[in-house]
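J.: Contents of my_file_15.txt (compact mmCIF, C-alpha atoms and all ligand atoms) are below:
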```txt
# COMPACT_ATOMS: atom_id res chain seq x y z
CA MET A 2 -15.43 145.38 12.81
CA LYS A 3 -17.64 144.00 10.01
CA ILE A 4 -16.36 141.95 7.08
CA LEU A 5 -18.07 140.88 3.86
CA GLY A 6 -16.90 137.37 2.89
CA ILE A 7 -17.09 135.97 -0.65
CA GLU A 8 -16.59 132.28 -1.49
CA THR A 9 -16.70 130.68 -4.96
CA SER A 10 -13.95 128.04 -4.85
CA CYS A 11 -16.06 125.10 -6.03
CA ASP A 12 -19.80 124.81 -6.63
CA GLU A 13 -21.33 127.11 -4.02
CA THR A 14 -21.67 130.84 -4.62
CA ALA A 15 -21.64 132.32 -1.13
CA ALA A 16 -21.58 135.71 0.56
CA ALA A 17 -21.77 136.55 4.26
CA ILE A 18 -21.26 139.41 6.67
CA VAL A 19 -19.63 138.68 10.02
CA GLU A 20 -19.27 141.19 12.82
CA ASP A 21 -16.62 141.13 15.53
CA LYS A 22 -18.03 142.81 18.62
CA GLY A 23 -14.99 143.01 20.85
CA GLY A 24 -14.07 139.36 20.35
CA LYS A 25 -17.64 138.03 20.09
CA PHE A 26 -18.68 137.05 16.60
CA SER A 27 -22.08 137.56 15.11
CA ILE A 28 -23.04 136.18 11.70
CA ARG A 29 -25.18 139.02 10.32
CA SER A 30 -25.96 137.11 7.12
CA ASN A 31 -24.78 133.90 5.47
CA LEU A 32 -26.16 133.16 2.00
CA ILE A 33 -25.35 130.20 -0.22
CA ALA A 34 -26.49 129.52 -3.78
CA SER A 35 -25.83 125.80 -4.12
CA GLN A 36 -25.30 124.14 -7.49
CA ALA A 37 -25.64 120.62 -6.07
CA ALA A 38 -28.83 119.95 -8.08
CA ILE A 39 -27.10 121.10 -11.29
CA HIS A 40 -24.11 118.80 -10.77
CA ALA A 41 -26.16 115.85 -9.50
CA GLY A 42 -26.75 114.61 -13.04
CA THR A 43 -23.03 114.27 -13.74
CA GLY A 44 -22.17 112.86 -10.30
CA GLY A 45 -19.62 115.63 -9.76
CA VAL A 46 -18.75 119.23 -10.52
CA VAL A 47 -18.24 120.26 -14.16
CA PRO A 48 -15.94 123.32 -13.85
CA GLU A 49 -17.31 125.28 -16.83
CA ARG A 50 -20.89 124.93 -15.64
CA ALA A 51 -19.88 125.86 -12.10
CA SER A 52 -18.16 129.00 -13.31
CA ARG A 53 -21.15 130.06 -15.42
CA GLU A 54 -23.45 129.62 -12.42
CA HIS A 55 -21.12 131.71 -10.24
CA VAL A 56 -21.24 134.55 -12.78
CA LYS A 57 -25.04 134.43 -12.67
CA ASN A 58 -25.26 134.28 -8.87
CA ILE A 59 -22.43 136.37 -7.51
CA LEU A 60 -23.99 139.85 -7.53
CA PRO A 61 -27.47 138.76 -6.34
CA ILE A 62 -25.91 136.77 -3.50
CA ILE A 63 -23.72 139.70 -2.35
CA ASP A 64 -26.75 141.98 -2.59
CA GLY A 65 -28.73 139.42 -0.60
CA ALA A 66 -26.07 139.30 2.13
CA PHE A 67 -26.42 143.06 2.63
CA ARG A 68 -30.22 142.95 2.57
CA ARG A 69 -30.40 140.09 5.08
CA SER A 70 -28.00 141.86 7.45
CA ARG A 71 -29.70 145.25 6.98
CA LEU A 72 -26.25 146.73 6.52
CA THR A 73 -24.99 148.94 3.70
CA PRO A 74 -21.60 148.69 1.96
CA SER A 75 -20.41 151.90 3.62
CA THR A 76 -20.67 150.24 7.08
CA ILE A 77 -18.32 147.32 6.40
CA ASP A 78 -14.62 147.52 7.21
CA ALA A 79 -13.14 145.06 4.73
CA ILE A 80 -13.90 142.51 2.00
CA ALA A 81 -12.56 138.94 2.25
CA VAL A 82 -12.41 136.52 -0.66
CA THR A 83 -11.22 132.95 -1.16
CA GLY A 84 -8.01 133.03 -3.23
CA GLY A 85 -7.56 129.23 -3.34
CA PRO A 86 -7.26 126.31 -3.33
CA GLY A 87 -10.09 125.43 -5.69
CA LEU A 88 -11.21 125.40 -9.29
CA ILE A 89 -9.49 128.25 -11.10
CA THR A 90 -12.52 129.21 -13.18
CA SER A 91 -14.72 129.28 -10.08
CA LEU A 92 -12.23 131.18 -7.89
CA LEU A 93 -11.80 133.89 -10.54
CA VAL A 94 -15.47 134.90 -10.35
CA GLY A 95 -15.30 135.65 -6.61
CA ILE A 96 -11.91 137.29 -6.91
CA GLU A 97 -12.95 139.63 -9.72
CA ALA A 98 -16.09 140.62 -7.79
CA ALA A 99 -14.06 141.28 -4.62
CA LYS A 100 -11.40 143.29 -6.46
CA THR A 101 -14.00 145.43 -8.18
CA LEU A 102 -15.93 146.12 -4.96
CA SER A 103 -12.70 146.86 -3.09
CA TYR A 104 -11.84 149.49 -5.71
CA VAL A 105 -15.32 150.98 -6.02
CA TRP A 106 -16.11 151.05 -2.29
CA GLN A 107 -12.52 151.82 -1.24
CA LYS A 108 -12.41 148.93 1.24
CA PRO A 109 -9.32 146.91 2.17
CA LEU A 110 -9.14 143.38 0.76
CA ILE A 111 -8.19 140.16 2.56
CA VAL A 112 -7.33 137.05 0.56
CA MET A 113 -8.28 133.91 2.43
CA ASN A 114 -7.06 130.34 2.05
CA HIS A 115 -10.17 128.17 1.71
CA LEU A 116 -8.87 125.54 4.17
CA ALA A 117 -8.02 128.23 6.72
CA GLY A 118 -11.63 129.37 6.31
CA HIS A 119 -12.92 125.85 7.08
CA LEU A 120 -10.73 125.72 10.16
CA TYR A 121 -11.78 129.18 11.34
CA ALA A 122 -15.48 128.26 11.10
CA ASN A 123 -14.82 126.80 14.56
CA PHE A 124 -13.84 130.19 15.97
CA LEU A 125 -17.13 131.73 14.85
CA GLU A 126 -19.05 129.56 17.28
CA HIS A 127 -16.56 128.62 19.97
CA SER A 128 -14.70 131.19 22.05
CA ARG A 129 -12.75 128.79 24.26
CA VAL A 130 -10.43 127.18 21.73
CA ALA A 131 -6.98 126.89 23.35
CA PHE A 132 -3.59 126.61 21.60
CA PRO A 133 -1.67 124.62 20.64
CA LEU A 134 -4.34 122.86 18.64
CA LEU A 135 -4.72 120.10 16.11
CA ALA A 136 -7.13 120.45 13.19
CA LEU A 137 -8.44 117.61 11.08
CA ILE A 138 -9.57 119.20 7.83
CA VAL A 139 -11.73 116.80 5.81
CA SER A 140 -13.39 118.14 2.69
CA GLY A 141 -14.14 117.12 -0.87
CA GLY A 142 -10.67 118.13 -2.03
CA HIS A 143 -8.47 117.78 1.07
CA THR A 144 -7.69 115.58 4.05
CA GLU A 145 -5.07 117.19 6.30
CA LEU A 146 -3.88 117.07 9.88
CA VAL A 147 -2.62 120.53 10.82
CA TYR A 148 -0.83 121.65 14.00
CA MET A 149 -1.29 125.26 15.10
CA PRO A 150 0.83 126.72 17.91
CA ARG A 151 -0.96 130.07 17.55
CA HIS A 152 -3.44 131.89 15.31
CA ARG A 153 -2.67 131.75 11.57
CA ASP A 154 0.43 129.58 12.05
CA TYR A 155 -0.12 126.27 10.23
CA GLN A 156 2.15 123.21 10.29
CA LEU A 157 1.15 120.29 8.10
CA LEU A 158 1.55 116.93 9.88
CA GLY A 159 0.07 114.74 7.16
CA GLN A 160 -2.33 114.62 4.26
CA THR A 161 -3.94 112.24 1.81
CA ARG A 162 -1.71 110.70 -0.83
CA ASP A 163 -4.60 110.20 -3.27
CA ASP A 164 -8.33 110.80 -2.77
CA ALA A 165 -9.66 113.12 -0.07
CA ALA A 166 -12.12 111.68 2.47
CA GLY A 167 -15.05 113.62 0.97
CA GLU A 168 -13.98 112.58 -2.51
CA ALA A 169 -14.10 108.93 -1.41
CA PHE A 170 -17.67 109.45 -0.15
CA ASP A 171 -18.60 111.10 -3.46
CA LYS A 172 -17.00 108.41 -5.63
CA VAL A 173 -18.51 105.53 -3.67
CA ALA A 174 -21.91 107.25 -3.84
CA LYS A 175 -21.49 107.57 -7.58
CA LEU A 176 -20.71 103.90 -8.07
CA LEU A 177 -23.72 102.98 -5.89
CA ASN A 178 -25.95 105.42 -7.82
CA LEU A 179 -26.69 107.49 -4.74
CA GLY A 180 -26.24 110.93 -6.31
CA TYR A 181 -24.05 113.96 -5.49
CA PRO A 182 -22.80 115.02 -2.97
CA GLY A 183 -22.20 111.53 -1.68
CA GLY A 184 -21.41 112.15 1.99
CA PRO A 185 -24.90 113.00 3.21
CA ALA A 186 -26.48 110.22 1.06
CA ILE A 187 -24.12 107.52 2.35
CA SER A 188 -24.31 108.56 5.99
CA LYS A 189 -28.12 108.59 5.81
CA LEU A 190 -28.20 105.02 4.50
CA ALA A 191 -25.51 103.95 6.96
CA ARG A 192 -27.62 104.91 9.96
CA GLN A 193 -28.56 101.89 12.07
CA SER A 194 -27.01 99.45 9.60
CA ASP A 195 -24.43 96.73 10.14
CA ARG A 196 -21.02 98.43 10.13
CA ARG A 197 -19.21 95.07 10.15
CA ALA A 198 -21.18 93.39 7.36
CA PHE A 199 -18.37 93.94 4.85
CA ARG A 200 -14.69 93.54 5.62
CA LEU A 201 -13.14 96.64 4.08
CA PRO A 202 -9.53 97.84 4.43
CA ARG A 203 -8.42 100.68 6.74
CA PRO A 204 -5.66 102.08 4.49
CA MET A 205 -2.50 103.33 6.22
CA ILE A 206 -4.05 102.99 9.69
CA HIS A 207 -0.86 101.42 11.04
CA ALA A 208 1.61 103.53 9.01
CA ARG A 209 3.94 105.45 11.29
CA ASN A 210 3.05 108.83 9.84
CA PHE A 211 0.03 111.10 9.62
CA ASP A 212 -0.74 110.53 5.94
CA PHE A 213 -3.94 109.05 4.56
CA SER A 214 -5.03 107.11 1.48
CA PHE A 215 -8.62 106.48 0.45
CA SER A 216 -8.50 105.36 -3.17
CA GLY A 217 -7.89 101.68 -2.28
CA LEU A 218 -10.92 101.71 -0.01
CA LYS A 219 -13.05 103.03 -2.86
CA THR A 220 -11.73 100.23 -5.10
CA ALA A 221 -12.52 97.66 -2.39
CA VAL A 222 -16.13 98.87 -2.43
CA LEU A 223 -16.16 98.59 -6.21
CA TYR A 224 -14.98 94.95 -6.01
CA GLU A 225 -17.74 94.14 -3.51
CA THR A 226 -20.36 95.48 -5.93
CA MET A 227 -18.83 93.55 -8.83
CA LYS A 228 -18.76 90.19 -7.01
CA THR A 229 -22.53 89.71 -6.95
CA PRO A 230 -24.21 92.88 -8.23
CA LYS A 231 -27.71 91.47 -7.75
CA ARG A 232 -27.52 91.35 -3.98
CA PHE A 233 -27.35 95.17 -3.82
CA ARG A 234 -30.91 95.33 -5.10
CA LYS A 235 -31.74 94.46 -1.51
CA LYS A 236 -31.84 97.73 0.41
CA LYS A 237 -30.41 96.11 3.55
CA THR A 238 -27.27 94.96 1.74
CA LEU A 239 -26.77 98.42 0.23
CA ARG A 240 -27.23 100.02 3.64
CA ASP A 241 -24.72 97.62 5.21
CA LEU A 242 -22.15 98.41 2.52
CA CYS A 243 -22.60 102.16 3.12
CA ALA A 244 -22.23 101.62 6.87
CA SER A 245 -19.13 99.45 6.46
CA PHE A 246 -17.54 102.03 4.16
CA GLU A 247 -18.35 104.95 6.45
CA GLN A 248 -16.93 103.05 9.41
CA ALA A 249 -13.68 102.33 7.55
CA VAL A 250 -13.18 106.04 6.75
CA VAL A 251 -14.04 107.09 10.30
CA ASP A 252 -11.74 104.47 11.87
CA VAL A 253 -8.73 105.78 9.93
CA LEU A 254 -9.50 109.47 10.56
CA VAL A 255 -10.07 108.92 14.29
CA GLU A 256 -7.03 106.70 14.81
CA LYS A 257 -4.59 109.08 13.12
CA THR A 258 -6.04 112.14 14.84
CA VAL A 259 -5.81 110.53 18.26
CA ARG A 260 -2.21 109.51 17.59
CA ALA A 261 -1.31 113.09 16.57
CA VAL A 262 -3.01 114.47 19.69
CA THR A 263 -0.91 112.18 21.86
CA LYS A 264 2.34 113.01 20.07
CA TYR A 265 1.90 116.80 19.91
CA LYS A 266 0.17 117.23 23.30
CA VAL A 267 -2.41 119.70 22.03
CA LYS A 268 -5.02 121.43 24.17
CA SER A 269 -7.78 121.52 21.54
CA VAL A 270 -8.86 119.45 18.56
CA LEU A 271 -10.85 121.03 15.72
CA LEU A 272 -12.81 119.19 13.07
CA ALA A 273 -13.35 121.15 9.85
CA GLY A 274 -14.59 120.82 6.25
CA GLY A 275 -17.64 119.20 4.69
CA VAL A 276 -16.98 115.72 6.14
CA ALA A 277 -16.98 117.30 9.63
CA ALA A 278 -20.78 117.25 9.23
CA ASN A 279 -20.62 113.45 9.52
CA GLU A 280 -22.32 112.32 12.74
CA THR A 281 -20.37 109.07 13.13
CA LEU A 282 -17.06 110.91 12.78
CA ARG A 283 -18.08 113.55 15.33
CA THR A 284 -19.34 110.99 17.85
CA GLU A 285 -16.45 108.54 17.58
CA LEU A 286 -13.77 111.24 17.68
CA ARG A 287 -15.44 112.86 20.68
CA GLU A 288 -15.55 109.53 22.53
CA ARG A 289 -11.93 108.63 21.78
CA LEU A 290 -10.64 112.08 22.79
CA ALA A 291 -12.64 111.97 26.02
CA SER A 292 -10.94 108.68 26.91
CA LEU A 293 -7.42 110.18 26.64
CA PRO A 294 -5.69 111.13 29.90
CA SER A 295 -4.98 114.65 28.52
CA ARG A 296 -8.70 115.15 27.68
CA PRO A 297 -8.23 117.80 24.97
CA ALA A 298 -11.21 120.07 24.24
CA PHE A 299 -13.04 119.07 21.07
CA PHE A 300 -14.84 121.42 18.69
CA PHE A 301 -16.64 121.19 15.38
CA PRO A 302 -18.76 123.75 13.53
CA SER A 303 -22.53 123.42 13.15
CA SER A 304 -23.39 121.55 9.94
CA LEU A 305 -24.17 124.66 7.86
CA LEU A 306 -20.71 126.02 8.66
CA CYS A 307 -18.95 122.70 7.87
CA THR A 308 -19.71 122.69 4.15
CA ASP A 309 -18.66 125.56 1.91
CA ASN A 310 -19.92 128.96 3.04
CA ALA A 311 -18.73 132.55 3.19
CA ALA A 312 -19.17 133.15 6.93
CA MET A 313 -16.08 131.00 7.52
CA ILE A 314 -14.15 133.18 5.04
CA ALA A 315 -15.28 136.42 6.73
CA GLY A 316 -14.65 134.90 10.18
CA GLY A 317 -11.10 133.84 9.36
CA ALA A 318 -10.51 137.23 7.77
CA ILE A 319 -11.24 138.95 11.08
CA PHE A 320 -8.07 137.35 12.46
CA ALA A 321 -6.14 138.49 9.36
CA ALA A 322 -7.55 142.02 9.74
CA ARG A 323 -6.41 142.12 13.38
CA GLN A 324 -2.88 141.58 12.06
CA GLU A 325 -3.50 144.06 9.21
CA ASP A 326 -2.84 141.41 6.62
CA PHE A 327 -4.46 143.21 3.68
CA THR A 328 -3.68 142.88 -0.04
CA PRO A 329 -4.11 145.80 -2.47
CA TRP A 330 -6.66 144.77 -5.10
CA GLU A 331 -4.06 145.19 -7.88
CA ASN A 332 -1.92 142.43 -6.28
CA VAL A 333 -4.60 139.78 -5.77
CA GLU A 334 -3.89 136.62 -7.70
CA VAL A 335 -5.84 133.40 -8.04
CA ARG A 336 -4.05 130.47 -6.32
CA PRO A 337 -5.78 127.19 -7.36
CA ASN A 338 -3.12 125.05 -5.61
CA TRP A 339 -2.54 127.20 -2.52
CA ASN A 340 -1.22 124.98 0.28
CA LEU A 341 -2.21 125.93 3.80
CA ALA A 342 1.24 124.96 5.06
O1 LIG A 401 -15.87 121.47 2.46
P1 LIG A 401 -16.78 121.09 1.38
O2 LIG A 401 -18.18 121.67 1.37
O3 LIG A 401 -16.18 121.40 -0.03
C1 LIG A 401 -14.81 121.29 -0.30
O4 LIG A 401 -14.06 122.20 0.10
O5 LIG A 401 -14.47 120.26 -0.90
O6 LIG A 401 -16.88 119.50 1.42
C2 LIG A 401 -17.71 118.80 0.58
C3 LIG A 401 -17.53 117.32 0.86
C4 LIG A 401 -18.21 116.45 -0.17
O7 LIG A 401 -17.28 115.48 -0.60
C5 LIG A 401 -19.34 115.80 0.62
O8 LIG A 401 -19.68 114.50 0.17
C6 LIG A 401 -18.78 115.77 2.02
O9 LIG A 401 -18.08 116.99 2.13
N1 LIG A 401 -19.82 115.70 3.05
C7 LIG A 401 -19.96 114.65 3.89
C8 LIG A 401 -21.11 114.91 4.68
N2 LIG A 401 -21.61 116.12 4.29
C9 LIG A 401 -20.81 116.58 3.29
N3 LIG A 401 -19.24 113.52 4.03
C10 LIG A 401 -19.64 112.63 4.95
N4 LIG A 401 -20.71 112.81 5.73
C11 LIG A 401 -21.47 113.92 5.64
N5 LIG A 401 -22.53 114.06 6.42
ZN ZN A 402 -14.56 123.55 1.23
```
Spell out the structure here as structure tokens.

T.:
Amino acid sequence: MKILGIETSCDETAAAIVEDKGGKFSIRSNLIASQAAIHAGTGGVVPERASREHVKNILPIIDGAFRRSRLTPSTIDAIAVTGGPGLITSLLVGIEAAKTLSYVWQKPLIVMNHLAGHLYANFLEHSRVAFPLLALIVSGGHTELVYMPRHRDYQLLGQTRDDAAGEAFDKVAKLLNLGYPGGPAISKLARQSDRRAFRLPRPMIHARNFDFSFSGLKTAVLYETMKTPKRFRKKKTLRDLCASFEQAVVDVLVEKTVRAVTKYKVKSVLLAGGVAANETLRTELRERLASLPSRPAFFFPSSLLCTDNAAMIAGGAIFAARQEDFTPWENVEVRPNWNLA
């Protein structure tokens, strides 16, 4: 089975073709037109500009996905598209393209939840994921701990009450003038710096639930910069602040995930979403999980599959196709606030 995936939920126009060869996945093509440079000037995504860029890029990127894979539209079995959550004006571009192609090519359509796509990026590369599992989804818009007893069955254990983890990275980067997206910039500066130089809060780390909160941490960073702004002209001080901030985010994410693993006795732990590309998070979570008596298996996608892409949408759609979960193109609706669970 071969599926064309289309993703336009935020600021990346992406198309990919994934093939399922009897349970083994092969990414035949995976193209992304990033708008990061366009949004860098504003320190975040401007929805109208994002949507205009998607309109410009969508057909060339789909065309490119076919060329790269050396496949033709007649050889694919289905089209998958992100239906939400995301920016409505961005989502609509991908959805309209997918609906049109479904009608013209007479191919079944699968509507994918964007967060399910992030989570399923893990299944593209790892074949030994055992259930029940726990997924920590950390992206620019979401921070969720999700329990899955089986494929496509999602139970929300907790989520952020304000900013998402990626959003906190982006906002802190903005206030430190480090550009957009903030995660990669902060983690680069944080490397080999003093992670204890600044005493920053670990919000909700001791709360007896699986919820998160990152907006207070961002404010704490803001206060540090306001106290004596001049000292941040020194690169070392800036690096130490980035490292201390990154460590605070990682400490909370790791602690809550480990606690959920212990409570729900899962066999696997999946990391997913853009922040899953963070090296410190990967390393510290791996170490903590390895020290647990239950020793759950730990998986995360390669960096290119952590941030927004269409291979994860096509990959997740293969599991939907196996259960024949198709939607006639006439019934496809945009769902900007679509909750995974
Ligand atoms: O999943 P994603 O590409 O888009 C959303 O669905 O939101 O995630 C993007 C987020 C951004 O906030 C970005 O700053 C963050 O992921 N990110 C990182 C890293 N790479 C990307 N955060 C921390 N460390 C990274 N290495
Ligand atoms: Zn995403």

J.: Atom CA of A:Gly274 and atom CA of A:His119, how far apart in Å?

T.: 5.4 Å

J.: To check your reading of the model: which residues sit at most 9 Å from ligand LIG 401 (chain A) when counting all atoms listed in the file? Write the answer as a ChimeraX atom specification.

T.: /A:10-13,86-87,115-116,119,138-143,165-172,174,181-189,247,273-282,304,306-310

J.: Let me make sure I understand: among A:Gln36, A:Ala98, A:Leu120, A:Leu93, which one has the smallest atom-to-atom distance to ligand ZN 402 (chain A) if we use all atoms listed in the file?

T.: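 That would be A:Leu120, the residue with the smallest distance to ligand ZN 402 (chain A).
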
J.: Find, counting only C-alpha atoms, the residue in A:Thr238, A:Asn332, A:Ser245, A:Thr9 that gets nearest to A:Val222.

T.: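 Looking only at the distances to A:Val222, the closest residue turns out to be A:Ser245.
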
J.: Measuring atom to atom with only C-alpha atoms, identify which of A:Ala322, A:Leu218, A:Ile18, A:Met149 is nearest to A:Leu72.

T.: A:Ile18

J.: Could you tell me, as a PyMOL selection string, which residues have any atom at most 12 Å from (-10.4, 137.5, 10.5), counting all atoms listed in the file?

T.: chain A and resi 2-6+18-21+24+26+78-82+110-114+117-118+120-122+124-125+152-153+312-327

J.: Quick one: residues within 9 Å of A:Tyr265, all atoms listed in the file counted, chain neighbours fewer than 3 positions away excluded, as a list in words?

T.: Pro133, Leu134, Leu135, Tyr148, Arg260, Ala261 and Val262 of chain A

J.: For the residues in that selection, give me C-alpha atoms as a short mmCIF file (atom, residue, chain, number, x, y, z; two decimals), in the coordinates of the input.

T.:
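Contents of result_3.cif, freshly written:
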```cif
data_model
loop_
_atom_site.label_atom_id
_atom_site.label_comp_id
_atom_site.auth_asym_id
_atom_site.auth_seq_id
_atom_site.Cartn_x
_atom_site.Cartn_y
_atom_site.Cartn_z
CA PRO A 133 -1.67 124.62 20.64
CA LEU A 134 -4.34 122.86 18.64
CA LEU A 135 -4.72 120.10 16.11
CA TYR A 148 -0.83 121.65 14.00
CA ARG A 260 -2.21 109.51 17.59
CA ALA A 261 -1.31 113.09 16.57
CA VAL A 262 -3.01 114.47 19.69
#
```

J.: Between A:Thr101, A:Gly85, A:His40, A:Cys243, which has the minimum distance to ligand ZN 402 (chain A) (counting all atoms listed in the file)?

T.: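 Checking each of A:Thr101, A:Gly85, A:His40, A:Cys243 against ligand ZN 402 (chain A), counting all atoms listed in the file, the winner is A:Gly85.
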
J.: Would you pick out the contacts of A:Ser214 at 6 Å or less, using only C-alpha atoms, so that residues sharing its chain but fewer than 5 positions from it are not included, and give the list as a list in words?

T.: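 Non-adjacent residues within range: Thr161, Arg162, Asp163 and Pro204 of chain A.
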
J.: So which one's closest to A:Pro61, A:Thr284, A:Thr14, A:Ser303, A:Ser292? Using all atoms listed in the file, please.

T.: A:Thr14

J.: So which one's closest to ligand ZN 402 (chain A), A:Thr144, A:Arg196, A:Val267, A:Ala38? Using all atoms listed in the file, please.

T.: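 Looking only at the distances to ligand ZN 402 (chain A), the closest residue turns out to be A:Thr144.
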
J.: What separation in Å, quoted to one decimal, exists between atom CA of A:Arg192 and atom CA of A:Gly42?

T.: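 Interatomic distance here is 25.0 Å.
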
J.: State, in Å with one decimal place, the distance from atom CA of A:Arg234 to atom CA of A:Leu177.

T.: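 Atom-to-atom, atom CA of A:Arg234 and atom CA of A:Leu177 are spaced 10.5 Å apart.
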
J.: Using only C-alpha atoms, which residues sit within 9 Å of A:Arg289 once same-chain residues fewer than 6 positions away are excluded, as a PyMOL selection string?

T.: chain A and resi 255-256+259

J.: At a cut-off of 9 Å, using all atoms listed in the file, what residues contact A:Arg69? Leave out same-chain residues fewer than 3 positions from it and give the result as a PDB file with C-alpha atoms, in the coordinates of the input.

T.:
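Okay, this is what ended up in selection-v2.pdb:
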```
ATOM      1  CA  ARG A  29     -25.180 139.020  10.320  1.00  0.00           C
ATOM      2  CA  SER A  30     -25.960 137.110   7.120  1.00  0.00           C
ATOM      3  CA  ASN A  31     -24.780 133.900   5.470  1.00  0.00           C
ATOM      4  CA  LEU A  32     -26.160 133.160   2.000  1.00  0.00           C
ATOM      5  CA  ASP A  64     -26.750 141.980  -2.590  1.00  0.00           C
ATOM      6  CA  GLY A  65     -28.730 139.420  -0.600  1.00  0.00           C
ATOM      7  CA  ALA A  66     -26.070 139.300   2.130  1.00  0.00           C
ATOM      8  CA  LEU A  72     -26.250 146.730   6.520  1.00  0.00           C
TER       9      LEU A  72
END
```

J.: Residues proximal to (-23.5, 134.7, -10.3) were defined as those with any atom within 10 Å of that point in the file's coordinates, counting all atoms listed in the file. Which are they, as a PyMOL selection string?

T.: chain A and resi 9+14-15+34+51-63+94-95+98

J.: What would stretch 284-298 of chain A look like with N, CA and C atoms restored, written as a PDB file, in the frame of the given file?

T.:
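And here's result.pdb as it stands now:
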```
ATOM      1  N   THR A 284     -19.087 111.770  16.628  1.00  0.00           N
ATOM      2  CA  THR A 284     -19.340 110.990  17.850  1.00  0.00           C
ATOM      3  C   THR A 284     -18.126 110.154  18.226  1.00  0.00           C
ATOM      4  N   GLU A 285     -17.557 109.456  17.242  1.00  0.00           N
ATOM      5  CA  GLU A 285     -16.450 108.540  17.580  1.00  0.00           C
ATOM      6  C   GLU A 285     -15.199 109.308  17.972  1.00  0.00           C
ATOM      7  N   LEU A 286     -14.954 110.439  17.318  1.00  0.00           N
ATOM      8  CA  LEU A 286     -13.770 111.240  17.680  1.00  0.00           C
ATOM      9  C   LEU A 286     -13.968 111.828  19.090  1.00  0.00           C
ATOM     10  N   ARG A 287     -15.174 112.300  19.350  1.00  0.00           N
ATOM     11  CA  ARG A 287     -15.440 112.860  20.680  1.00  0.00           C
ATOM     12  C   ARG A 287     -15.195 111.811  21.762  1.00  0.00           C
ATOM     13  N   GLU A 288     -15.684 110.590  21.523  1.00  0.00           N
ATOM     14  CA  GLU A 288     -15.550 109.530  22.530  1.00  0.00           C
ATOM     15  C   GLU A 288     -14.087 109.148  22.747  1.00  0.00           C
ATOM     16  N   ARG A 289     -13.348 109.015  21.646  1.00  0.00           N
ATOM     17  CA  ARG A 289     -11.930 108.630  21.780  1.00  0.00           C
ATOM     18  C   ARG A 289     -11.137 109.724  22.503  1.00  0.00           C
ATOM     19  N   LEU A 290     -11.390 110.984  22.162  1.00  0.00           N
ATOM     20  CA  LEU A 290     -10.640 112.080  22.790  1.00  0.00           C
ATOM     21  C   LEU A 290     -10.964 112.172  24.274  1.00  0.00           C
ATOM     22  N   ALA A 291     -12.231 111.902  24.612  1.00  0.00           N
ATOM     23  CA  ALA A 291     -12.640 111.970  26.020  1.00  0.00           C
ATOM     24  C   ALA A 291     -11.967 110.869  26.841  1.00  0.00           C
ATOM     25  N   SER A 292     -11.558 109.788  26.169  1.00  0.00           N
ATOM     26  CA  SER A 292     -10.940 108.680  26.910  1.00  0.00           C
ATOM     27  C   SER A 292      -9.426 108.886  27.084  1.00  0.00           C
ATOM     28  N   LEU A 293      -8.868 109.924  26.486  1.00  0.00           N
ATOM     29  CA  LEU A 293      -7.420 110.180  26.640  1.00  0.00           C
ATOM     30  C   LEU A 293      -7.151 110.831  27.991  1.00  0.00           C
ATOM     31  N   PRO A 294      -5.995 110.513  28.608  1.00  0.00           N
ATOM     32  CA  PRO A 294      -5.690 111.130  29.900  1.00  0.00           C
ATOM     33  C   PRO A 294      -5.605 112.665  29.804  1.00  0.00           C
ATOM     34  N   SER A 295      -5.138 113.194  28.644  1.00  0.00           N
ATOM     35  CA  SER A 295      -4.980 114.650  28.520  1.00  0.00           C
ATOM     36  C   SER A 295      -6.318 115.366  28.280  1.00  0.00           C
ATOM     37  N   ARG A 296      -7.349 114.623  27.920  1.00  0.00           N
ATOM     38  CA  ARG A 296      -8.700 115.150  27.680  1.00  0.00           C
ATOM     39  C   ARG A 296      -8.713 116.504  26.955  1.00  0.00           C
ATOM     40  N   PRO A 297      -8.222 116.537  25.708  1.00  0.00           N
ATOM     41  CA  PRO A 297      -8.230 117.800  24.970  1.00  0.00           C
ATOM     42  C   PRO A 297      -9.668 118.249  24.685  1.00  0.00           C
ATOM     43  N   ALA A 298      -9.871 119.559  24.592  1.00  0.00           N
ATOM     44  CA  ALA A 298     -11.210 120.070  24.240  1.00  0.00           C
ATOM     45  C   ALA A 298     -11.458 119.759  22.767  1.00  0.00           C
TER      46      ALA A 298
END
```
